[in-house]
Amino acid sequence: MSGLTEDLLSAVDAATAGDVATADASGDRLTVGVARVDALAVAFTELRLETSRLADASIERVRAVAEELTRRVTYLLEPLTPVEIDQELAVVQMRSTTPQTDNESSAYYELLVRKGGSLSLRRYRKPRGAMREPIEATVTREVLRRLADDFVASVS
Amino acid sequence: MSLPIDRDVRRFKQIVKGKVRENLKRYVAHGEMLGRKGKNVVSIPVPSLNTPRFRFGDNGNGGVGQGQGDEGDAVGKGKGQSGEGGAGGDAGAEHYTEVDVPLDELAALLGEELELPHIEPRGKATIEAQKAKYNSVRSTGPESLRHNKRTYLRALQREISTGGYTPDRPAIIPVKGDKRYRSWTTVDEPLVNAAAIYIMDVSGSMTDAQKSLVRNAAFWIDTWLRSQYTGLERRYIIHDAVAKEVDEHAFYHTRESGGTRVSSAYRVCAELIAQQLPPAEWNLYVFQFSDGDNWGEDNHQAFELLGERILPHVNQFAYGQVESPYGSGELLGQIEAKFGSQHENLVCCEIEDREAIYAAIKTFLGKGR
């Protein structure tokens, strides 16, 4: 576990609902939009890594990062895979392979890997016959720690 | 005088037509018609056609026999006793018969069922083109148009009338005066050119199920337009982040994984119109299908192309948005907000599932443009 991740979790502990918890180290910046925190779990609106290591990345490099994330991040509610790859902007859009569905709605993760570079994870809910809306993603503290580690490791 | 077989054929066609009409909504929603399509006919599975026939009843309730009868006389079969029967076959094992229905008839049925208005061409409806119809025979003409049967008959008449014909040696040799040639008259026909441009998003977010919806909708739209215009020109454009013109097969069977840039398709469409289908000479119909998951930065460029280079030049621009499992399709709302009030030739609708195709076709074709 990296010091950056430890710093992020400390910032999350200190945050209240609506805050953005941030941790910086050697060109990497992790942020979490905190919705709720308790002893076991964290609900967040966005987990984001901004890194200088993807500043001039080619689409192949961005795609490799996305594939690395697919390989590593297997512990969320649904597995993530690249859905669309924009060669021109060098952006890979990853989503839950199969959204979680019930009678009224479906929900899924969306992870964008951009040249420049940023990794951004959000969760969306799509009610039947309506547009999608961003919702909180709830994970245990251990999963948040692992996610942050995997974000950093995938761009290393 | 019509033969009994002709009457039977007519009657069979009426029954088939009735069955197709009865099940049309189901065919529109679920039928994979494109795979069953020939040049001018489409093969449709029709629920079994049972010919009406007489069935023997029980002829009253009594047994057979006459008079009073005596004790011990055998009686005929009475009613069967009720009781438990054996197991039946598979439930619902309905039989289907494949029948070929001409595309024109199918279009007419669609038009009647959806109450579609006939399309009124714009622009060149009054311009007429001259067309040759070979409908007469003359005594002069090029050898390539020689009418052999008429020539032979003429020679035969001459031989018989001059006494040269002998049944034992029936050789008929036409001379120059016997020769007859096909000839034509020139008729004026209204000249109306029409082209349909189909645009489909094949980016990674479009699933096979969504493309199947598009495929069905496009088939029925195409069938209707072809019934309205002779020689309808059809063009196909697919796009993800990059667009290209493709043939019909590629249109329906290509899957890409790129991002979605609708502007790329609009650019190819606008160039196609400008270079090959000048609006002054063509009635143009554009049908775009997408899950509406356009990458945000692209909307400005896309709407500029749509508003300036496409919408002013087409009879109708129809946008059908198939529902994405991710629900991220925002293009429909954005197109409507941007152009809905200014352009009467813009038609938008959402195709949520297979059942919605029927309504979508009515929306797209209901204006009679």
# chains A, B, ... in the order shown; residues from 1 in each chain; ligands from 1
$ closest_atom_pairs --of "chain A" --to "chain B" --cutoff "8 Å" --atoms "only C-alpha atoms" --output "tab-separated table"
residue	atom	partner	partner_atom	distance
A:Val83	CA	B:Gly204	CA	5.1
A:Glu84	CA	B:Gly259	CA	4.6
A:Ile85	CA	B:Gly258	CA	4.5
A:Asp86	CA	B:Gly259	CA	4.4
A:Gln87	CA	B:Gly258	CA	7.3
A:Glu88	CA	B:Ala241	CA	7.9
A:Pro99	CA	B:Tyr326	CA	7.4
A:Ser106	CA	B:Tyr326	CA	7.7
A:Ala107	CA	B:Tyr326	CA	7.8
A:Tyr108	CA	B:Tyr326	CA	7.4
A:Lys126	CA	B:Gly327	CA	5.6
A:Gly129	CA	B:Glu352	CA	7.6
A:Ala130	CA	B:Gly327	CA	7.3
A:Met131	CA	B:Gly327	CA	5.5
A:Arg132	CA	B:Gly327	CA	5.2
$ residues_around --residues "range 77-80 of chain A" --least-positions-apart "6" --cutoff "9 Å" --atoms "only C-alpha atoms" --output "MDAnalysis selection string"
chainID A and resid 69:71 94:100 108:111
$ write_last_selection --atoms "N, CA and C atoms" --output "PDB file, in the first residue's frame"
ATOM      1  N   LEU A  69      -6.326  -2.019 -15.801  1.00  0.00           N
ATOM      2  CA  LEU A  69      -7.405  -1.809 -14.822  1.00  0.00           C
ATOM      3  C   LEU A  69      -8.441  -2.943 -14.902  1.00  0.00           C
ATOM      4  N   THR A  70      -8.744  -3.382 -16.127  1.00  0.00           N
ATOM      5  CA  THR A  70      -9.683  -4.502 -16.287  1.00  0.00           C
ATOM      6  C   THR A  70      -9.160  -5.736 -15.556  1.00  0.00           C
ATOM      7  N   ARG A  71      -7.838  -5.937 -15.667  1.00  0.00           N
ATOM      8  CA  ARG A  71      -7.229  -7.108 -15.052  1.00  0.00           C
ATOM      9  C   ARG A  71      -7.234  -6.998 -13.521  1.00  0.00           C
ATOM     10  N   MET A  94     -14.659   2.832 -19.980  1.00  0.00           N
ATOM     11  CA  MET A  94     -14.911   1.480 -19.467  1.00  0.00           C
ATOM     12  C   MET A  94     -16.218   1.503 -18.689  1.00  0.00           C
ATOM     13  N   ARG A  95     -16.963   0.428 -18.792  1.00  0.00           N
ATOM     14  CA  ARG A  95     -18.214   0.343 -18.036  1.00  0.00           C
ATOM     15  C   ARG A  95     -18.400  -1.066 -17.485  1.00  0.00           C
ATOM     16  N   SER A  96     -19.357  -1.198 -16.598  1.00  0.00           N
ATOM     17  CA  SER A  96     -19.699  -2.532 -16.084  1.00  0.00           C
ATOM     18  C   SER A  96     -20.105  -3.406 -17.265  1.00  0.00           C
ATOM     19  N   THR A  97     -19.563  -4.601 -17.304  1.00  0.00           N
ATOM     20  CA  THR A  97     -19.865  -5.491 -18.426  1.00  0.00           C
ATOM     21  C   THR A  97     -21.362  -5.736 -18.526  1.00  0.00           C
ATOM     22  N   THR A  98     -21.967  -6.076 -17.431  1.00  0.00           N
ATOM     23  CA  THR A  98     -23.418  -6.243 -17.387  1.00  0.00           C
ATOM     24  C   THR A  98     -23.957  -5.388 -16.256  1.00  0.00           C
ATOM     25  N   PRO A  99     -24.702  -4.346 -16.572  1.00  0.00           N
ATOM     26  CA  PRO A  99     -25.232  -3.506 -15.491  1.00  0.00           C
ATOM     27  C   PRO A  99     -26.093  -4.330 -14.527  1.00  0.00           C
ATOM     28  N   GLN A 100     -26.099  -3.894 -13.280  1.00  0.00           N
ATOM     29  CA  GLN A 100     -26.952  -4.550 -12.279  1.00  0.00           C
ATOM     30  C   GLN A 100     -28.385  -4.063 -12.511  1.00  0.00           C
ATOM     31  N   TYR A 108     -24.624   0.948 -12.994  1.00  0.00           N
ATOM     32  CA  TYR A 108     -23.329   0.476 -13.504  1.00  0.00           C
ATOM     33  C   TYR A 108     -22.224   1.468 -13.167  1.00  0.00           C
ATOM     34  N   TYR A 109     -20.977   0.989 -13.243  1.00  0.00           N
ATOM     35  CA  TYR A 109     -19.820   1.856 -13.059  1.00  0.00           C
ATOM     36  C   TYR A 109     -19.366   2.369 -14.427  1.00  0.00           C
ATOM     37  N   GLU A 110     -18.806   3.572 -14.418  1.00  0.00           N
ATOM     38  CA  GLU A 110     -18.157   4.082 -15.634  1.00  0.00           C
ATOM     39  C   GLU A 110     -16.795   4.617 -15.234  1.00  0.00           C
ATOM     40  N   LEU A 111     -15.779   4.138 -15.931  1.00  0.00           N
ATOM     41  CA  LEU A 111     -14.415   4.568 -15.629  1.00  0.00           C
ATOM     42  C   LEU A 111     -13.811   5.138 -16.916  1.00  0.00           C
TER      43      LEU A 111
END
$ residues_around --residues "Trp220 in chain B" --least-positions-apart "6" --cutoff "9 Å" --atoms "only C-alpha atoms" --output "JSON, numbers by chain"
{"B": [28, 33, 107, 110, 361]}
$ residues_around --residues "Glu46 in chain A" --least-positions-apart "2" --cutoff "9 Å" --atoms "only C-alpha atoms" --output "list of chain:residue names"
A:Thr31, A:Val32, A:Gly33, A:Val34, A:Phe44, A:Arg48, A:Ser120, A:Leu121, A:Arg122, A:Arg123, A:Glu136, A:Ala137
$ closest_residue --among "A:Arg114, A:Arg61, A:Arg53, A:Arg145" --to "Asp28 in chain A" --atoms "only C-alpha atoms"
A:Arg53
$ closest_residue --among "A:Asn103, A:Asp149, A:Leu144, A:Leu30" --to "Ala43 in chain A" --atoms "only C-alpha atoms"
A:Leu144
$ atom_distance --atom1 "CA of Ile172 in chain B" --atom2 "CA of Asn135 in chain B"
26.2 Å
$ residues_around --residues "Val262 in chain B" --least-positions-apart "4" --cutoff "7 Å" --atoms "only C-alpha atoms" --output "list in words"
Tyr266, Asn294 and Ala302 of chain B
$ select_by_dssp --residues "range 3-132 of chain A" --states "strand (DSSP E or B)" --output "number ranges by chain"
A: 20-25, 28-37, 41-51, 80-86, 91-96, 100-101, 105-114, 118-127
$ residues_around --residues "Lys133 in chain B" --least-positions-apart "3" --cutoff "10 Å" --atoms "only C-alpha atoms" --output "list in words"
Gln130, Ser136, Ser183, Trp184, Thr185, Thr186 and Val187 of chain B
$ atom_distance --atom1 "CA of Thr223 in chain B" --atom2 "CA of Leu365 in chain B"
11.4 Å
$ closest_residue --among "A:Ala148, A:Val139, A:Ala17, A:Val91" --to "Arg63 in chain A" --atoms "only C-alpha atoms"
A:Val91
$ closest_residue --among "B:Ala280, B:Ile160, B:Val202, B:Leu225" --to "Leu103 in chain B" --atoms "only C-alpha atoms"
B:Leu225
$ residues_around --residues "Ala11 in chain A" --least-positions-apart "2" --cutoff "8 Å" --atoms "only C-alpha atoms" --output "list in words"
Asp7, Leu8, Leu9, Asp13, Ala14, Ala15, Ala21, Thr22 and Ala23 of chain A
$ atom_distance --atom1 "CA of Pro278 in chain B" --atom2 "CA of Phe303 in chain B"
20.9 Å
